[in-house]
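Notes to accompany the following structure.
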Amino acid sequence: MQPVEQPRRIVIDYSQPNIAKQMHVGHLRSTVIGDVFARVLAFEGHEVIRQNHIGDWGTQFGLLIRWYRENPLPTPETHADVVDAIAADYKAANERFQTDEQFASEARLAVGQLQSGEPEARRLWEQMCAVSWQAFTEIYEKLDVLLQPADVCGESFYNDRLAPRVAELREKLPPREADERSTGSWAEVRDDRGAVCVFMYDEKGEPRFKNPDGEMLPMIIQKSDGAYLYATTDLAAIHYRIHELGAKRVIYVTDARQKLHFEMFFAAARAAGWIGDDVTVEHVTFGSVLGTNRKPLKTRAGTPVKLRDLLDEAEKRAFALLEERGRGAERPGDHGEEGAEEAFTLEEKREIARRVGIAAVKYADLRNDRNSDYVFSWDKMLAFQGNTAPYMMYAYARIRSIYRKAAERFGSPDVYAAGVTIALADPTERAVALRLARLREAIDQVAAELTPHTLCTYLYDLATEFMRFYESCPVLKAPDEAARLSRMRLCDLTARTLKLGLGLLGIEVIERM
RNA sequence: GCGCUCGUAGCUCAGGCGGAUAGAGCACCGGAUUUCUAAUCCGGCGGUCGCAGGUUCGAGUCCUGCCGGGCGCGCCA
């Protein structure tokens, strides 16, 4: 496939876990969806820069640093789940913060020490980051996403870029007199109730954002105590990405609840002239993962579901399904002289379960319009019918099975002859061929509209149409050699399309299942 | 209150920048296996596309209003 004619440098901000906190299903969506964009846009020939904007900065670290000055920092040797241990310590530290005035003031002091680079504070912070990052890495590897340590560019990175940006905004967006307020939408920076605020107006000169009382809602970029907020960090980040990384397209993958925040800081950045005419910025939103009770997914205890536990269970359930089916396949009647394939070894079964389980979770997250909430259901995502990962992986595995048998029977190392003319005699053959021809269209749509589910739909349609073809047109026992070669070619193209398409969704196919 | 988002078959969802009889999966009923993996396939059942107006030759799709659900709205992220 040809790369796009005009490659752009594209920054994709996704995943964004928080140091000292567990990754949960909320991070799953951002990670899985953002990864698709990274793969699809890179495939189309763009220069993709992944940015993992991790939460590694802020007042909560003051608490933890103060705490670990007199308590041991959890390590992998002492705790099975280090992140859990730190989170528990945070809770304890927070309780003490509420009751112990001296502890509280020392915690506040520690925030400043961290920012100014005091060695001890810095060391404790780095250790917390290191163990948290290790936990994230394990999940990324399990999930098979592209994110690497080098993609991390968290909140702390922007620490010394915050003050300059606030100063720049003050300079570029000075308060206006009443008679200067006529032309177009505009913004101004001024202090309000002790905080530094950006006030934004629309084309009619009306406040662009309002609070519940109908009053103007500014965006606070520096608190009355002088501290900065996430709005400030996001402003610094967008400036960095456009002006230092040279991004022409910036894509943020976060949940839909942050939409107002994004509208505000995009508007402010635009007013300041930071987003040029040749640059597009997009906030890619997504809905929540719900439990069967239609409320955001939680454990029975009411805590968020840990991503690690969720992925472990996916593998476990996939393995159980494989075992279930494995018993059926070992029926005495299933022997067969040449056709029957060997049973799976335990190791193979584990590998299949791993891939199917993870694929099922990822695919379930991608298959629906990303803006809608979806109900998390093991039964549905692991089902072999319908728009699921196992169904499509099975379609692929069936084709590969044909390939192996063909190689066996016809003794050719390459049974897919490239130059073969494809004859579309049967309606099912025609349907498959027509669908194959629309691959580029499907990929382009994801690149343009950032909708992974449209690629899912395409692949599901292809798999469905292939299954029909498979049922009604014998390949190895085709009426003549020309038909056989034609059908082999159709199989090959379908397999390669499924592998490519699923690969762009971050899903690995398997040869047998 | 304002804003965003959603409302399509009993359930879960596609389709939505206008185009012909609105499509899948599940569930339910009935079929297909001496033949390439039945983890599959085929058939049947099932929808006034939330409601009401409007634009149009033509509206599930665009506009307005209303109803219902979810989310958000100054010093958290």
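Chain labels follow the order of the structure tokens: the first chain is A, the next B, and so on; residue numbering restarts at 1 in every chain, and ligands are counted from 1 in their shown order.
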Neighbours of chain A in chain B at 8 Å, counting only C-alpha atoms (C1' of nucleotides), as a ChimeraX atom specification: /B:1-2,4-6,13-14,24-25,36-37,39-41,71-75,77
Coordinates-based distance that separates CA of Val82 in chain A from CA of Thr303 in chain A (Å, one decimal): 17.3 Å
Expected answer as a VMD selection string: alpha helix (DSSP H) residues in range 15-197 of chain A: chain A and resid 25 to 43 60 to 68 82 to 99 101 to 116 119 to 143 162 to 172
Distance criterion (only C-alpha atoms (C1' of nucleotides)): nearest to C67 in chain B out of B:G10, B:G19, B:G43, B:G50: B:G50
Contacts of U61 in chain B at 12 Å (only C-alpha atoms (C1' of nucleotides); same-chain gap of 6+ positions) as a ChimeraX atom specification: /B:8,15-19,22,49
Extract, using only C-alpha atoms (C1' of nucleotides), all DNA, RNA and protein residues at most 10 Å from A9 in chain B, discarding same-chain residues fewer than 2 positions from it, and format them as a CSV table (one decimal) with all heavy atoms, in the first residue's frame.
chain,number,residue,atom,x,y,z
B,11,C,P,-35.1,-4.0,24.8
B,11,C,OP1,-35.2,-3.0,25.9
B,11,C,OP2,-35.1,-3.6,23.4
B,11,C,O5',-33.9,-4.9,25.1
B,11,C,C5',-33.5,-5.4,26.4
B,11,C,C4',-32.2,-6.1,26.4
B,11,C,O4',-32.4,-7.3,25.5
B,11,C,C3',-31.1,-5.3,25.7
B,11,C,O3',-30.4,-4.5,26.7
B,11,C,C2',-30.1,-6.5,25.2
B,11,C,O2',-29.4,-7.0,26.3
B,11,C,C1',-31.2,-7.5,24.7
B,11,C,N1,-31.5,-7.4,23.3
B,11,C,C2,-30.6,-7.8,22.4
B,11,C,O2,-29.5,-8.3,22.8
B,11,C,N3,-30.9,-7.7,21.1
B,11,C,C4,-32.0,-7.2,20.7
B,11,C,N4,-32.3,-7.1,19.4
B,11,C,C5,-33.0,-6.7,21.6
B,11,C,C6,-32.7,-6.8,22.9
B,46,G,P,-42.5,-11.3,12.3
B,46,G,OP1,-43.9,-11.1,12.3
B,46,G,OP2,-41.8,-11.3,11.0
B,46,G,O5',-41.8,-10.2,13.2
B,46,G,C5',-42.2,-10.1,14.6
B,46,G,C4',-41.0,-9.6,15.4
B,46,G,O4',-39.9,-10.5,15.2
B,46,G,C3',-40.5,-8.2,14.9
B,46,G,O3',-41.3,-7.2,15.5
B,46,G,C2',-39.1,-8.2,15.5
B,46,G,O2',-39.1,-8.0,16.9
B,46,G,C1',-38.7,-9.7,15.3
B,46,G,N9,-37.9,-9.9,14.1
B,46,G,C8,-38.4,-10.2,12.8
B,46,G,N7,-37.4,-10.3,11.9
B,46,G,C5,-36.3,-10.1,12.6
B,46,G,C6,-34.9,-10.0,12.2
B,46,G,O6,-34.5,-10.2,11.1
B,46,G,N1,-34.1,-9.7,13.3
B,46,G,C2,-34.5,-9.5,14.6
B,46,G,N2,-33.5,-9.2,15.4
B,46,G,N3,-35.7,-9.5,15.0
B,46,G,C4,-36.6,-9.8,14.0
B,47,G,P,-42.0,-6.2,14.5
B,47,G,OP1,-43.3,-5.8,15.2
B,47,G,OP2,-42.0,-6.7,13.2
B,47,G,O5',-41.1,-4.9,14.6
B,47,G,C5',-40.8,-4.3,15.9
B,47,G,C4',-39.9,-3.1,15.7
B,47,G,O4',-38.7,-3.5,14.9
B,47,G,C3',-40.5,-2.1,14.8
B,47,G,O3',-41.4,-1.2,15.5
B,47,G,C2',-39.3,-1.3,14.2
B,47,G,O2',-38.9,-0.3,15.1
B,47,G,C1',-38.2,-2.4,14.3
B,47,G,N9,-37.7,-2.8,12.9
B,47,G,C8,-38.4,-3.2,11.8
B,47,G,N7,-37.6,-3.5,10.8
B,47,G,C5,-36.4,-3.3,11.3
B,47,G,C6,-35.1,-3.5,10.7
B,47,G,O6,-34.8,-3.9,9.6
B,47,G,N1,-34.1,-3.2,11.6
B,47,G,C2,-34.2,-2.7,12.9
B,47,G,N2,-33.1,-2.5,13.6
B,47,G,N3,-35.4,-2.6,13.5
B,47,G,C4,-36.4,-2.9,12.6
Picked from range 283-328 of chain A by DSSP as strand (DSSP E), as a ChimeraX atom specification: /A:283-284,289-290
Who sits within 8 Å of Gly26 in chain A, only C-alpha atoms (C1' of nucleotides), same chain under 3 positions skipped, as a PyMOL selection string: chain A and resi 23+29-30+255+288-289
